[in-house]
file work_2.txt (compact mmCIF, C-alpha atoms and all ligand atoms)
# COMPACT_ATOMS: atom_id res chain seq x y z
CA MET K 1 141.19 -2.19 77.74
CA LEU K 2 143.05 0.30 75.56
CA LYS K 3 145.24 2.51 77.71
CA VAL K 4 146.98 5.56 76.30
CA GLU K 5 149.48 6.81 78.87
CA ASN K 6 150.78 10.32 78.68
CA ILE K 7 151.76 10.30 75.00
CA SER K 8 153.24 13.20 73.10
CA VAL K 9 153.66 13.14 69.35
CA SER K 10 155.47 15.45 66.94
CA ILE K 11 155.36 15.71 63.17
CA GLY K 12 158.67 17.14 62.01
CA ASN K 13 159.62 19.43 64.85
CA ILE K 14 156.06 20.54 65.58
CA LYS K 15 154.41 19.06 68.64
CA ILE K 16 150.93 17.86 67.63
CA LEU K 17 149.81 15.91 70.74
CA SER K 18 150.76 16.81 74.30
CA ASN K 19 150.44 14.48 77.28
CA ILE K 20 147.41 12.53 76.14
CA SER K 21 146.10 9.90 78.56
CA LEU K 22 142.89 7.97 78.12
CA ASN K 23 141.29 4.61 78.87
CA VAL K 24 138.90 3.03 76.43
CA LYS K 25 136.85 0.22 77.90
CA LYS K 26 134.03 -0.21 75.46
CA PHE K 27 132.78 2.58 73.27
CA THR K 28 134.48 5.95 73.17
CA SER K 29 134.46 8.91 70.83
CA ILE K 30 137.20 11.51 70.45
CA ILE K 31 135.62 14.82 69.51
CA GLY K 32 137.65 17.67 68.06
CA ARG K 33 137.61 20.22 65.27
CA ASN K 34 139.70 19.90 62.12
CA GLY K 35 143.34 19.93 63.10
CA ALA K 36 142.69 19.05 66.77
CA GLY K 37 144.85 15.93 66.44
CA LYS K 38 142.31 13.09 66.17
CA THR K 39 143.95 11.38 63.19
CA THR K 40 147.38 11.88 64.75
CA LEU K 41 146.14 10.14 67.90
CA ILE K 42 144.71 7.16 66.01
CA LYS K 43 147.84 6.87 63.85
CA SER K 44 150.00 6.96 66.99
CA ILE K 45 148.01 4.09 68.52
CA MET K 46 148.52 2.16 65.25
CA LYS K 47 152.25 3.04 65.34
CA ILE K 48 151.96 4.67 61.91
CA LEU K 49 153.39 7.69 63.70
CA ASP K 50 156.11 7.43 66.30
CA ILE K 51 155.46 8.57 69.85
CA ASP K 52 157.96 11.02 71.41
CA TYR K 53 157.26 9.62 74.85
CA GLY K 54 154.52 7.75 76.69
CA ASN K 55 153.00 4.31 76.08
CA VAL K 56 150.03 2.64 74.50
CA GLU K 57 148.84 -0.56 76.11
CA PHE K 58 146.17 -2.95 74.91
CA ASN K 59 145.05 -5.78 77.17
CA LYS K 60 148.22 -5.22 79.19
CA ILE K 61 150.53 -5.56 76.15
CA LYS K 62 152.63 -2.50 75.38
CA ILE K 63 151.61 -2.24 71.73
CA SER K 64 153.67 0.92 71.29
CA ASN K 65 156.69 -1.42 71.28
CA PHE K 66 155.45 -3.13 68.09
CA ASN K 67 155.26 -2.18 64.43
CA THR K 68 152.04 -1.36 62.59
CA TYR K 69 151.88 -4.74 60.85
CA ALA K 70 151.77 -6.50 64.22
CA MET K 71 148.49 -4.81 65.19
CA THR K 72 146.43 -7.38 63.27
CA SER K 73 147.79 -10.12 65.52
CA PHE K 74 146.46 -8.27 68.57
CA GLY K 75 142.97 -8.20 66.97
CA ILE K 76 143.20 -4.49 66.17
CA GLY K 77 141.44 -3.14 63.06
CA TYR K 78 141.79 0.38 61.66
CA MET K 79 139.53 2.35 59.34
CA PRO K 80 141.41 5.43 58.07
CA GLU K 81 139.51 8.66 57.52
CA ASP K 82 140.42 8.58 53.80
CA ARG K 83 139.58 4.86 53.44
CA ARG K 84 142.87 3.93 51.72
CA LEU K 85 141.44 1.15 49.57
CA ILE K 86 143.68 -0.24 46.85
CA PRO K 87 141.94 0.96 43.67
CA ASN K 88 142.85 -1.91 41.35
CA LEU K 89 141.98 -4.69 43.76
CA THR K 90 138.40 -5.90 44.03
CA VAL K 91 136.31 -5.10 47.07
CA LYS K 92 136.67 -8.73 48.20
CA GLU K 93 140.47 -8.54 47.87
CA ASN K 94 140.60 -5.26 49.76
CA ILE K 95 138.58 -6.74 52.62
CA LEU K 96 140.71 -9.90 52.77
CA LEU K 97 144.04 -8.08 52.56
CA PRO K 98 144.67 -7.88 56.33
CA LEU K 99 144.04 -11.63 56.61
CA TRP K 100 146.64 -12.34 53.94
CA SER K 101 149.16 -10.43 56.01
CA LYS K 102 148.32 -12.79 58.89
CA ARG K 103 148.58 -15.82 56.58
CA LYS K 104 145.28 -17.15 57.90
CA ASN K 105 143.25 -19.44 55.73
CA ASN K 106 139.81 -19.07 57.26
CA GLU K 107 138.96 -16.49 54.60
CA ASN K 108 135.55 -17.78 53.61
CA SER K 109 133.97 -17.91 57.04
CA ALA K 110 135.56 -14.59 58.04
CA LEU K 111 134.19 -12.93 54.92
CA GLU K 112 130.78 -14.48 55.39
CA ASN K 113 130.54 -13.08 58.93
CA ILE K 114 131.39 -9.61 57.69
CA LEU K 115 128.90 -9.82 54.82
CA ASN K 116 126.19 -10.87 57.24
CA PHE K 117 126.98 -7.78 59.29
CA ILE K 118 127.20 -5.40 56.29
CA PRO K 119 125.06 -7.12 53.62
CA GLU K 120 125.10 -4.16 51.21
CA VAL K 121 128.76 -4.93 50.40
CA LYS K 122 127.65 -8.16 48.65
CA SER K 123 126.30 -6.25 45.66
CA PHE K 124 129.71 -4.74 44.79
CA LEU K 125 132.00 -7.46 46.19
CA HIS K 126 133.53 -8.20 42.78
CA SER K 127 133.89 -4.60 41.60
CA ASP K 128 137.27 -2.90 41.64
CA ALA K 129 137.55 -0.46 44.54
CA TYR K 130 138.05 2.53 42.23
CA GLN K 131 134.56 2.00 40.82
CA LEU K 132 132.86 2.65 44.17
CA SER K 133 131.29 5.84 45.49
CA GLY K 134 132.83 7.47 48.55
CA GLY K 135 130.06 6.07 50.74
CA GLN K 136 130.51 2.52 49.44
CA GLN K 137 134.24 2.87 50.10
CA LYS K 138 133.51 3.75 53.73
CA LEU K 139 131.54 0.51 54.11
CA VAL K 140 134.38 -1.49 52.56
CA ALA K 141 136.94 0.21 54.80
CA LEU K 142 134.77 -0.70 57.80
CA ALA K 143 134.51 -4.30 56.57
CA ARG K 144 138.31 -4.48 56.12
CA ALA K 145 138.86 -3.15 59.65
CA MET K 146 136.35 -5.66 61.07
CA ILE K 147 137.94 -8.70 59.42
CA VAL K 148 140.92 -8.44 61.78
CA GLY K 149 139.52 -6.05 64.40
CA LYS K 150 138.00 -8.70 66.62
CA LYS K 151 139.11 -7.01 69.84
CA LEU K 152 139.64 -3.32 69.07
CA LEU K 153 138.34 -1.14 66.25
CA LEU K 154 139.77 2.30 65.52
CA LEU K 155 137.38 4.22 63.26
CA ASP K 156 138.68 7.59 62.14
CA GLU K 157 135.83 9.95 61.21
CA PRO K 158 133.46 7.27 59.91
CA PHE K 159 130.69 9.83 59.35
CA GLU K 160 132.79 12.48 57.64
CA GLY K 161 131.72 13.39 54.11
CA VAL K 162 128.98 10.79 53.78
CA ALA K 163 125.38 11.43 52.75
CA PRO K 164 122.89 11.57 55.66
CA ALA K 165 121.24 8.27 54.69
CA LEU K 166 124.58 6.46 54.79
CA ALA K 167 125.55 8.21 58.03
CA GLU K 168 122.33 6.82 59.56
CA ARG K 169 123.22 3.36 58.29
CA LEU K 170 126.72 3.69 59.76
CA VAL K 171 125.16 4.69 63.09
CA GLU K 172 123.08 1.50 62.95
CA LEU K 173 126.15 -0.60 62.12
CA ILE K 174 128.27 1.00 64.83
CA ILE K 175 125.52 0.47 67.42
CA GLY K 176 125.63 -3.17 66.26
CA LEU K 177 129.39 -3.23 66.96
CA ASN K 178 128.67 -2.20 70.52
CA LYS K 179 126.81 -5.46 71.00
CA LEU K 180 129.85 -7.47 69.93
CA GLU K 181 132.66 -8.25 72.35
CA LEU K 182 134.98 -5.53 71.17
CA ILE K 183 136.26 -2.13 72.12
CA THR K 184 135.60 0.70 69.68
CA LEU K 185 137.29 4.08 69.48
CA ILE K 186 135.88 6.52 66.95
CA THR K 187 136.55 10.14 66.09
CA GLU K 188 134.15 12.86 65.03
CA SER K 189 134.41 16.62 64.51
CA ASP K 190 131.31 17.26 66.67
CA GLU K 191 129.06 15.16 68.88
CA THR K 192 126.19 14.67 66.42
CA TYR K 193 126.55 10.95 65.75
CA SER K 194 128.58 10.07 68.83
CA LYS K 195 125.57 11.04 70.95
CA LEU K 196 123.31 8.81 68.87
CA ILE K 197 125.59 5.84 69.41
CA ASN K 198 125.85 6.64 73.10
CA ALA K 199 129.65 6.73 73.19
CA ASP K 200 131.71 8.11 76.07
CA ILE K 201 132.97 11.48 74.88
CA ILE K 202 136.54 12.77 75.14
CA LYS K 203 137.18 16.27 73.79
CA LEU K 204 140.43 17.16 72.10
CA GLU K 205 141.55 20.72 71.35
CA ARG K 206 144.89 21.65 69.81
CA GLY K 207 146.44 18.33 70.73
CA ARG K 208 145.28 18.30 74.34
CA ILE K 209 142.40 16.62 76.11
CA VAL K 210 140.10 19.31 77.50
CA SER K 211 137.32 17.18 78.95
P1 LIG D 1 141.13 16.55 60.48
O1 LIG D 1 139.74 16.13 60.70
O2 LIG D 1 141.27 17.82 59.73
O3 LIG D 1 142.01 15.44 59.93
P2 LIG D 1 142.37 16.01 63.02
O4 LIG D 1 141.79 16.36 64.34
O5 LIG D 1 142.34 14.58 62.62
O6 LIG D 1 141.69 16.92 61.93
P3 LIG D 1 145.20 15.85 62.53
O7 LIG D 1 145.03 15.39 61.11
O8 LIG D 1 145.63 14.88 63.53
O9 LIG D 1 143.85 16.55 63.03
O10 LIG D 1 146.20 17.08 62.52
C1 LIG D 1 146.63 17.70 63.72
C2 LIG D 1 147.60 18.79 63.39
O11 LIG D 1 148.76 18.22 62.82
C3 LIG D 1 147.09 19.82 62.39
O12 LIG D 1 147.53 21.08 62.81
C4 LIG D 1 147.77 19.41 61.11
O13 LIG D 1 147.99 20.53 60.28
C5 LIG D 1 149.08 18.85 61.60
N1 LIG D 1 149.58 17.81 60.69
C6 LIG D 1 149.02 16.61 60.44
N2 LIG D 1 149.75 15.91 59.55
C7 LIG D 1 150.79 16.69 59.20
C8 LIG D 1 151.91 16.55 58.33
N3 LIG D 1 152.10 15.43 57.63
N4 LIG D 1 152.78 17.59 58.27
C9 LIG D 1 152.61 18.69 59.00
N5 LIG D 1 151.59 18.89 59.85
C10 LIG D 1 150.70 17.92 59.95
call {"tool": "encode", "arguments": {"input": "work_2.txt", "output": "structure tokens"}}
result
Amino acid sequence: MLKVENISVSIGNIKILSNISLNVKKFTSIIGRNGAGKTTLIKSIMKILDIDYGNVEFNKIKISNFNTYAMTSFGIGYMPEDRRLIPNLTVKENILLPLWSKRKNNENSALENILNFIPEVKSFLHSDAYQLSGGQQKLVALARAMIVGKKLLLLDEPFEGVAPALAERLVELIIGLNKLELITLITESDETYSKLINADIIKLERGRIVS
């Protein structure tokens, strides 16, 4: 279980998140308008942002005591809202990158599993990331998160800015994730797709949980 315990987070001297507590057991969606603090929350869990006070625990380990690079070793994968692919690396290299950081050499079977789950990535596997459309980049960012995210996936606005057909495909893929043995936390600006994937809903407004 992912347990966020009473965290507060500031950027500069502005408080962005106040006293956030939540438990994620299986499939949960954080809903909030632009600026509500969704990305800040995900980045705080990943330790990309420092927490002023409070804790984040995953499977009883206080992950807020570790650095971002350690998250892969806890089986945590992250898909940033803006994808963050490395433009001059190929799609395959981008997907494998988190495994290199773990110095694991089971690359081929790990990649094969991901490509079975998201087969459309095969057709642009050897392209450089900068050549892809925004939608294709979302799929690659999901694949990269999944290659290490065997226990927990953090998907920041996976449906944002994608064409309806791709959003439907992402819904299908994310429903597929729910069948795997992992915990998934996603964010969305409204409930449209979160309802379709049957996620538990937590609403965030101005850095506070309202329901
Ligand atoms: P969006 O979908 O627009 O990204 P969000 O819910 O993810 O919305 P955050 O990106 O977490 O919201 O932003 C929460 C608040 O923190 C906003 O008021 C935003 O302006 C502010 N904020 C985020 N990053 C910074 C930064 N680097 N410097 C200053 N303020 C920031």
call {"tool": "closest_residue", "arguments": {"input": "work_2.txt", "among": "K:Lys43, K:Lys25, K:Glu57, K:Ile14", "to": "Thr184 in chain K", "atoms": "only C-alpha atoms"}}
result
K:Lys25
call {"tool": "closest_residue", "arguments": {"input": "work_2.txt", "among": "K:Arg83, K:Arg208, K:Lys26, K:Arg103", "to": "Phe159 in chain K", "atoms": "all atoms listed in the file"}}
result
K:Arg83
call {"tool": "residues_near_ligand", "arguments": {"input": "work_2.txt", "ligand": "ligand LIG 1 (chain D)", "cutoff": "8 Å", "atoms": "only C-alpha atoms and all ligand atoms", "output": "list in words"}}
result
Ile11, Gly12, Ile14, Ile16, Leu17, Gly32, Arg33, Asn34, Gly35, Ala36, Gly37, Lys38, Thr39, Thr40, Leu41, Glu81, Asp156, Glu157, Glu188, Ser189, Leu204, Arg206 and Gly207 of chain K
call {"tool": "atom_distance", "arguments": {"input": "work_2.txt", "atom1": "CA of Asn94 in chain K", "atom2": "CA of Ser109 in chain K"}}
result
16.0 Å
call {"tool": "residues_near_point", "arguments": {"input": "work_2.txt", "point": "(153.6, 15.2, 78.4)", "cutoff": "10 Å", "atoms": "all atoms listed in the file", "output": "list in words"}}
result
Glu5, Asn6, Ile7, Ser8, Val9, Leu17, Ser18, Asn19, Ile20, Ser21, Asp52, Tyr53, Gly54 and Arg208 of chain K
call {"tool": "atom_distance", "arguments": {"input": "work_2.txt", "atom1": "CA of Thr187 in chain K", "atom2": "CA of Glu93 in chain K"}}
result
26.4 Å
call {"tool": "atom_distance", "arguments": {"input": "work_2.txt", "atom1": "CA of Val56 in chain K", "atom2": "CA of Phe117 in chain K"}}
result
29.5 Å
call {"tool": "residues_near_point", "arguments": {"input": "work_2.txt", "point": "(130.0, 11.7, 69.0)", "cutoff": "10 Å", "atoms": "all atoms listed in the file", "output": "PyMOL selection string"}}
result
chain K and resi 28-32+157+159+186-203
call {"tool": "residues_around", "arguments": {"input": "work_2.txt", "residues": "range 167-169 of chain K", "least_positions_apart": "6", "cutoff": "10 Å", "atoms": "only C-alpha atoms", "output": "ChimeraX atom specification"}}
result
/K:118,135,139,158-161,175,193,196
call {"tool": "residues_around", "arguments": {"input": "work_2.txt", "residues": "range 72-79 of chain K", "least_positions_apart": "4", "cutoff": "9 Å", "atoms": "only C-alpha atoms", "output": "ChimeraX atom specification"}}
result
/K:42,46,58,63,68,83-84,98-99,101-102,138,141-158
call {"tool": "write_last_selection", "arguments": {"input": "work_2.txt", "atoms": "C-alpha atoms", "output": "PDB file, in the frame of the given file"}}
result
ATOM      1  CA  ILE K  42     144.710   7.160  66.010  1.00  0.00           C
ATOM      2  CA  MET K  46     148.520   2.160  65.250  1.00  0.00           C
ATOM      3  CA  PHE K  58     146.170  -2.950  74.910  1.00  0.00           C
ATOM      4  CA  ILE K  63     151.610  -2.240  71.730  1.00  0.00           C
ATOM      5  CA  THR K  68     152.040  -1.360  62.590  1.00  0.00           C
ATOM      6  CA  ARG K  83     139.580   4.860  53.440  1.00  0.00           C
ATOM      7  CA  ARG K  84     142.870   3.930  51.720  1.00  0.00           C
ATOM      8  CA  PRO K  98     144.670  -7.880  56.330  1.00  0.00           C
ATOM      9  CA  LEU K  99     144.040 -11.630  56.610  1.00  0.00           C
ATOM     10  CA  SER K 101     149.160 -10.430  56.010  1.00  0.00           C
ATOM     11  CA  LYS K 102     148.320 -12.790  58.890  1.00  0.00           C
ATOM     12  CA  LYS K 138     133.510   3.750  53.730  1.00  0.00           C
ATOM     13  CA  ALA K 141     136.940   0.210  54.800  1.00  0.00           C
ATOM     14  CA  LEU K 142     134.770  -0.700  57.800  1.00  0.00           C
ATOM     15  CA  ALA K 143     134.510  -4.300  56.570  1.00  0.00           C
ATOM     16  CA  ARG K 144     138.310  -4.480  56.120  1.00  0.00           C
ATOM     17  CA  ALA K 145     138.860  -3.150  59.650  1.00  0.00           C
ATOM     18  CA  MET K 146     136.350  -5.660  61.070  1.00  0.00           C
ATOM     19  CA  ILE K 147     137.940  -8.700  59.420  1.00  0.00           C
ATOM     20  CA  VAL K 148     140.920  -8.440  61.780  1.00  0.00           C
ATOM     21  CA  GLY K 149     139.520  -6.050  64.400  1.00  0.00           C
ATOM     22  CA  LYS K 150     138.000  -8.700  66.620  1.00  0.00           C
ATOM     23  CA  LYS K 151     139.110  -7.010  69.840  1.00  0.00           C
ATOM     24  CA  LEU K 152     139.640  -3.320  69.070  1.00  0.00           C
ATOM     25  CA  LEU K 153     138.340  -1.140  66.250  1.00  0.00           C
ATOM     26  CA  LEU K 154     139.770   2.300  65.520  1.00  0.00           C
ATOM     27  CA  LEU K 155     137.380   4.220  63.260  1.00  0.00           C
ATOM     28  CA  ASP K 156     138.680   7.590  62.140  1.00  0.00           C
ATOM     29  CA  GLU K 157     135.830   9.950  61.210  1.00  0.00           C
ATOM     30  CA  PRO K 158     133.460   7.270  59.910  1.00  0.00           C
TER      31      PRO K 158
END
call {"tool": "closest_residue", "arguments": {"input": "work_2.txt", "among": "K:Leu2, K:Leu115, K:Leu132, K:Ile174", "to": "Leu89 in chain K", "atoms": "all atoms listed in the file"}}
result
K:Leu132
call {"tool": "closest_residue", "arguments": {"input": "work_2.txt", "among": "K:Lys3, K:Asn13, K:Glu112, K:Val24", "to": "Lys60 in chain K", "atoms": "only C-alpha atoms"}}
result
K:Lys3
call {"tool": "closest_residue", "arguments": {"input": "work_2.txt", "among": "K:Leu125, K:Ser10, K:Asn59, K:Asp82", "to": "Ile183 in chain K", "atoms": "only C-alpha atoms"}}
result
K:Asn59
